[in-house]
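S.K.: Before I ask anything, here is the structure I am working with.
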Amino acid sequence: MENLLKGKKGIIFGALDNKSMAWKIAEKAYEQGAVFTLSNTPVALRFGELNELAEKTNSTILPADATKMSDLQMVFEKSMEILGGKVDFVLHSIGMSLNVRKKVPYQELNYEYYVKTLDISAISFHKLLQTAYKLDAINEWGSVVALSYIAAQRTLYRYNDMADAKALLESIARSFGYIYGRERKVRVNTISQSPTLTTAGSGVAGIDALMDFTERMSPLGNATAQDLADFTVTLFSDLTRKITMQNLYHDGGFASMGMSKDAMHQYNKSLEQKDCK
Ligand SMILES: NC(=O)c1ccc[n+]([C@@H]2O[C@H](COP(=O)([O-])OP(=O)(O)OC[C@H]3O[C@@H](n4cnc5c(N)ncnc54)[C@H](O)[C@@H]3O)[C@@H](O)[C@H]2O)c1
């Protein structure tokens, strides 16, 4: 299907490099006819990779720390100025945990880091929504999407305080989604994506084993960043106007599985090894 986002304007937060989910989503949105601005932190922009995406998609980069209300206000105001009016879609693809980065185990959390994790990875979503709402920056039937992970519902070894951040993120999507839907007809959803090898993904300890496990457990296999880009543009499009306040699993079926043939096969191998000892 072509031109799904023709005439749509948007803001994409969180593209860091060409592995980022936000990068793939930006490429797909551009391919489908959207115009948008790109935002990331001044530190992330120093790597310079985002210029390549901006050139490719004819977009302007707006440096901003998503935990700062004044920065967010600037991004929405400038975006409306550049794009010539209110926007139709916003992507929140932002996450970071210093506890994960510094390998602090969950039972010993550093609380300064913990507050930062929640602020960057979840509360920034509320801040973004509040800013957009105050400025009335999103058109009716507009769509806001944030990226989540199944650790919000289930415990996954080593996902650490990011699990708490994702639970909060999904709750914000429901709470703000109700108000934004009721008052302005704007949709707010989260997509719960398979583990994916990006900069943030690679920071999760044991990501390779986790990805192998989820691949074996999912009837359709892990969803890639490219698959996610395809799905996300449908949520930005007019074809999904009555979906809101949802956490949508985009994970090849993993969320509904308990044990699979493929995983059992692998597990049996380790049982056989044990028997041989
Ligand atoms: N990779 C995975 O396995 C996976 C799975 C499910 C969900 N997610 C989520 O997808 C989203 C995007 O992550 P990704 O995997 O593409 O990794 P990524 O590292 O490419 O993206 C994370 C982005 O967050 C940005 N960021 C960090 N602090 C910020 C701040 N204060 N203000 C603004 N931006 C800030 C970073 O600069 C970076 O661009 C995150 O919310 C992540 O938790 C990732």
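Chains: A, B, ... in order of the structure tokens. Residues: from 1 per chain. Ligands: from 1, in order shown.
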For ligand 1, list the contacting residues at 6 Å or closer, counting only C-alpha atoms and all ligand atoms, as an NGL selection string.
M.R.: :A and (14-16 or 20-22 or 40-41 or 44 or 65-67 or 93-96 or 120 or 147-149 or 192-201)
S.K.: Write out as number ranges by chain each polymer residue whose atoms come within 9 Å of Leu83 (chain A), counting only C-alpha atoms; drop sequence neighbours fewer than 3 positions from it.
M.R.: A: 9-10, 35-37, 78-80, 86-87
S.K.: Could those residues be written to a file, using N, CA and C atoms, as a compact mmCIF listing (two decimals), in the first residue's frame?
M.R.:
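Produced file out_17.txt, reproduced below:
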# COMPACT_ATOMS: atom_id res chain seq x y z
N LYS A 9 1.53 15.30 8.93
CA LYS A 9 2.71 15.95 9.51
C LYS A 9 3.00 15.32 10.87
N GLY A 10 4.27 15.21 11.21
CA GLY A 10 4.55 14.55 12.49
C GLY A 10 5.84 15.00 13.15
N VAL A 35 5.46 14.23 6.18
CA VAL A 35 6.53 15.19 6.46
C VAL A 35 6.64 15.30 7.98
N PHE A 36 7.86 15.49 8.48
CA PHE A 36 8.03 15.50 9.94
C PHE A 36 9.33 16.19 10.34
N THR A 37 9.41 16.48 11.65
CA THR A 37 10.67 16.94 12.24
C THR A 37 11.24 15.78 13.06
N LYS A 78 8.14 24.90 17.18
CA LYS A 78 8.97 24.97 15.95
C LYS A 78 8.42 24.02 14.88
N SER A 79 8.00 22.83 15.31
CA SER A 79 7.50 21.86 14.34
C SER A 79 6.27 22.41 13.62
N MET A 80 5.37 23.04 14.38
CA MET A 80 4.16 23.59 13.75
C MET A 80 4.53 24.72 12.78
N LYS A 86 -0.71 22.31 12.73
CA LYS A 86 -0.69 21.26 13.76
C LYS A 86 -0.19 19.94 13.17
N VAL A 87 0.28 19.05 14.04
CA VAL A 87 0.78 17.77 13.55
C VAL A 87 -0.31 16.69 13.66
S.K.: Give me, as a compact mmCIF listing (two decimals) with C-alpha atoms, in the first residue's frame, all polymer residues having an atom no more than 12 Å from Ser171 (chain A), counting only C-alpha atoms and skipping those fewer than 2 positions away in the same chain.
M.R.:
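out.txt was written with the following content:
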# COMPACT_ATOMS: atom_id res chain seq x y z
CA ALA A 122 8.12 7.20 31.06
CA ILE A 123 7.38 10.61 32.60
CA PHE A 125 5.74 10.74 27.68
CA HIS A 126 3.38 12.55 30.04
CA ALA A 146 5.25 5.23 22.43
CA SER A 148 7.08 -0.44 25.20
CA ALA A 152 5.71 -4.16 31.86
CA GLN A 153 3.53 -7.25 32.46
CA ASP A 164 8.90 -0.34 36.05
CA ALA A 165 9.34 2.46 33.51
CA LYS A 166 7.44 0.51 30.85
CA ALA A 167 4.57 -0.25 33.26
CA LEU A 168 4.30 3.48 33.97
CA LEU A 169 4.58 4.36 30.27
CA ALA A 173 -0.98 6.03 27.56
CA ARG A 174 -4.30 4.86 29.05
CA SER A 175 -4.80 7.76 31.47
CA PHE A 176 -3.89 10.53 29.02
CA GLY A 177 -5.45 8.60 26.15
CA TYR A 178 -8.83 8.84 27.83
CA VAL A 188 -2.67 7.45 22.35
CA ASN A 189 -1.21 3.92 22.20
CA THR A 190 1.90 1.95 23.09
CA MET A 245 -5.55 3.55 25.06
CA GLN A 246 -4.12 0.19 23.95
CA ASN A 247 -0.88 -1.61 24.48
S.K.: I'd like the neighbourhood of Arg184 (chain A) as a list in words, where a residue qualifies if any of its atoms comes within 12 Å (using only C-alpha atoms), though same-chain residues fewer than 6 positions away should be ignored.
M.R.: Ala132, Tyr133, Lys134, Asp136, Ala137, Ile138, Asn139, Glu140, Trp141, Gly142, Ser143, Phe176, Gly177 and Tyr178 of chain A
S.K.: As a list in words, please: the residues near Ser218 (chain A) (cut-off 6 Å, only C-alpha atoms, same-chain neighbours under 4 positions excluded).
M.R.: Thr214, Gly252, Gly253 and Phe254 of chain A
S.K.: For a test of reading the model, state the distance in Å between CA of Met259 (chain A) and CA of Ala229 (chain A), rounded to one decimal.
M.R.: 28.0 Å
S.K.: Between CA of Leu4 (chain A) and CA of Ala54 (chain A), what distance in Å does the model show, to one decimal?
M.R.: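 Distance reported for this atom pair: 20.5 Å.
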S.K.: Based on DSSP run over this structure's backbone, return all residues of region 27-273 of chain A in strand (DSSP E or B), as number ranges by chain.
M.R.: A: 35-40, 61-63, 87-92, 138-148, 187-193, 247-250
S.K.: Take the residues that were just selected and, keeping N, CA and C atoms, output them as a compact mmCIF listing (two decimals), in the first residue's frame.
M.R.:
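File out.txt, as written:
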# COMPACT_ATOMS: atom_id res chain seq x y z
N VAL A 35 5.46 14.23 6.18
CA VAL A 35 6.53 15.19 6.46
C VAL A 35 6.64 15.30 7.98
N PHE A 36 7.86 15.49 8.48
CA PHE A 36 8.03 15.50 9.94
C PHE A 36 9.33 16.19 10.34
N THR A 37 9.41 16.48 11.65
CA THR A 37 10.67 16.94 12.24
C THR A 37 11.24 15.78 13.06
N LEU A 38 12.55 15.87 13.34
CA LEU A 38 13.23 14.83 14.13
C LEU A 38 13.78 15.49 15.39
N SER A 39 13.69 14.78 16.51
CA SER A 39 14.26 15.35 17.74
C SER A 39 15.05 14.30 18.51
N ASN A 40 16.13 14.77 19.11
CA ASN A 40 16.91 13.94 20.03
C ASN A 40 17.73 14.87 20.92
N ILE A 61 16.11 18.94 12.18
CA ILE A 61 16.41 18.35 13.49
C ILE A 61 16.22 19.41 14.57
N LEU A 62 15.49 19.05 15.62
CA LEU A 62 15.28 19.97 16.74
C LEU A 62 15.87 19.34 18.01
N PRO A 63 17.02 19.83 18.48
CA PRO A 63 17.65 19.24 19.67
C PRO A 63 16.80 19.50 20.92
N VAL A 87 0.28 19.05 14.04
CA VAL A 87 0.78 17.77 13.55
C VAL A 87 -0.31 16.69 13.66
N ASP A 88 -0.07 15.58 12.96
CA ASP A 88 -1.02 14.46 12.96
C ASP A 88 -0.50 13.26 13.72
N PHE A 89 0.82 13.18 13.86
CA PHE A 89 1.35 12.02 14.60
C PHE A 89 2.62 12.40 15.36
N VAL A 90 2.84 11.69 16.47
CA VAL A 90 4.05 11.89 17.28
C VAL A 90 4.56 10.50 17.69
N LEU A 91 5.85 10.28 17.54
CA LEU A 91 6.46 9.04 18.03
C LEU A 91 7.37 9.34 19.21
N HIS A 92 7.13 8.63 20.32
CA HIS A 92 8.00 8.69 21.50
C HIS A 92 8.81 7.39 21.49
N ILE A 138 -1.96 18.95 18.18
CA ILE A 138 -2.26 17.73 17.40
C ILE A 138 -3.67 17.83 16.81
N ASN A 139 -3.78 17.57 15.53
CA ASN A 139 -5.08 17.59 14.84
C ASN A 139 -6.02 16.51 15.36
N GLU A 140 -7.31 16.72 15.20
CA GLU A 140 -8.31 15.69 15.51
C GLU A 140 -7.97 14.42 14.75
N TRP A 141 -8.16 13.29 15.36
CA TRP A 141 -7.84 11.96 14.82
C TRP A 141 -6.34 11.75 14.64
N GLY A 142 -5.56 12.63 15.28
CA GLY A 142 -4.11 12.45 15.31
C GLY A 142 -3.77 11.22 16.15
N SER A 143 -2.50 10.81 16.09
CA SER A 143 -2.09 9.56 16.73
C SER A 143 -0.73 9.71 17.40
N VAL A 144 -0.67 9.33 18.67
CA VAL A 144 0.59 9.38 19.42
C VAL A 144 0.95 7.95 19.81
N VAL A 145 2.20 7.58 19.53
CA VAL A 145 2.65 6.20 19.82
C VAL A 145 3.93 6.25 20.63
N ALA A 146 4.00 5.42 21.68
CA ALA A 146 5.25 5.23 22.43
C ALA A 146 5.61 3.75 22.37
N LEU A 147 6.90 3.46 22.51
CA LEU A 147 7.36 2.07 22.38
C LEU A 147 7.59 1.43 23.74
N SER A 148 7.00 0.24 23.91
CA SER A 148 7.08 -0.44 25.20
C SER A 148 7.65 -1.84 25.04
N ARG A 187 -5.66 9.90 19.43
CA ARG A 187 -5.37 8.53 19.88
C ARG A 187 -4.02 8.46 20.59
N VAL A 188 -3.95 7.65 21.64
CA VAL A 188 -2.67 7.45 22.35
C VAL A 188 -2.50 5.94 22.60
N ASN A 189 -1.45 5.36 22.06
CA ASN A 189 -1.21 3.92 22.20
C ASN A 189 0.27 3.63 22.48
N THR A 190 0.52 2.43 23.00
CA THR A 190 1.90 1.95 23.09
C THR A 190 2.00 0.67 22.25
N ILE A 191 3.16 0.46 21.67
CA ILE A 191 3.43 -0.80 20.96
C ILE A 191 4.47 -1.56 21.77
N SER A 192 4.16 -2.81 22.08
CA SER A 192 5.08 -3.65 22.84
C SER A 192 5.85 -4.52 21.85
N GLN A 193 7.09 -4.13 21.64
CA GLN A 193 7.92 -4.68 20.55
C GLN A 193 8.79 -5.84 21.04
N ASN A 247 -2.26 -1.15 24.60
CA ASN A 247 -0.88 -1.61 24.48
C ASN A 247 -0.92 -2.75 23.48
N LEU A 248 -0.35 -2.54 22.31
CA LEU A 248 -0.49 -3.50 21.21
C LEU A 248 0.77 -4.35 21.09
N TYR A 249 0.61 -5.65 21.27
CA TYR A 249 1.78 -6.53 21.18
C TYR A 249 2.18 -6.72 19.73
N HIS A 250 3.44 -6.41 19.46
CA HIS A 250 3.99 -6.59 18.12
C HIS A 250 5.22 -7.46 18.29
S.K.: Need the shell around Lys68 (chain A): protein/DNA/RNA residues with any atom at most 10 Å away, counting only C-alpha atoms. Skip same-chain ones fewer than 2 positions apart. Format as a list of chain:residue names?
M.R.: A:Ala64, A:Asp65, A:Ala66, A:Ser70, A:Asp71, A:Leu72, A:Gln73, A:Asp119, A:Ile120, A:Ser124, A:Lys127, A:Leu128
S.K.: Keeping only C-alpha atoms, write the selected residues to a file as a PDB file, in the first residue's frame.
M.R.:
ATOM      1  CA  ALA A  64      15.750  18.644  22.919  1.00  0.00           C
ATOM      2  CA  ASP A  65      15.947  16.825  26.226  1.00  0.00           C
ATOM      3  CA  ALA A  66      12.529  15.160  26.506  1.00  0.00           C
ATOM      4  CA  SER A  70      10.756  24.114  27.856  1.00  0.00           C
ATOM      5  CA  ASP A  71      12.574  21.948  25.294  1.00  0.00           C
ATOM      6  CA  LEU A  72       9.378  20.055  24.468  1.00  0.00           C
ATOM      7  CA  GLN A  73       7.469  23.304  24.048  1.00  0.00           C
ATOM      8  CA  ASP A 119      11.750  10.465  34.073  1.00  0.00           C
ATOM      9  CA  ILE A 120      13.486   9.752  30.755  1.00  0.00           C
ATOM     10  CA  SER A 124       8.766  12.277  29.452  1.00  0.00           C
ATOM     11  CA  LYS A 127       5.394  15.752  29.584  1.00  0.00           C
ATOM     12  CA  LEU A 128       5.210  15.383  25.819  1.00  0.00           C
TER      13      LEU A 128
END
S.K.: For a quick check of understanding, using only C-alpha atoms, which of A:Thr117, A:Met257, A:Asp262, A:Val186 has the smallest distance to Leu235 (chain A)?
M.R.: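 Selected residue with least distance to Leu235 (chain A): A:Val186.
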S.K.: One decimal, Å: what's the distance from CA of Arg216 (chain A) over to CA of Ala263 (chain A), could you say?
M.R.: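 Between these atoms lies a distance of 5.3 Å.
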S.K.: Under the rule that only C-alpha atoms are counted, which of A:Val115, A:Ala26, A:Val43, A:Ala225 is the nearest residue to Lys56 (chain A)?
M.R.: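 Ranked by minimum distance to Lys56 (chain A), first place goes to A:Ala26.
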S.K.: Name the residues in contact with Val233 (chain A) at a cut-off of 10 Å, using only C-alpha atoms, excluding same-chain residues fewer than 3 positions from it; report them as a count of residues only.
M.R.: 18
S.K.: Restricting the calculation to only C-alpha atoms: of A:Gly181, A:Glu55, A:Phe76, A:Ile243, which residue gets closest to Phe13 (chain A)?
M.R.: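 Ranked by minimum distance to Phe13 (chain A), first place goes to A:Phe76.
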S.K.: Quick one: DSSP helix (DSSP H, G or I) residues in region 67-267 of chain A, as a PyMOL selection string?
M.R.: chain A and resi 69-83+98-101+106-108+111-135+150-152+162-184+199-202+207-217+225-236+238-240+254-256+261-267
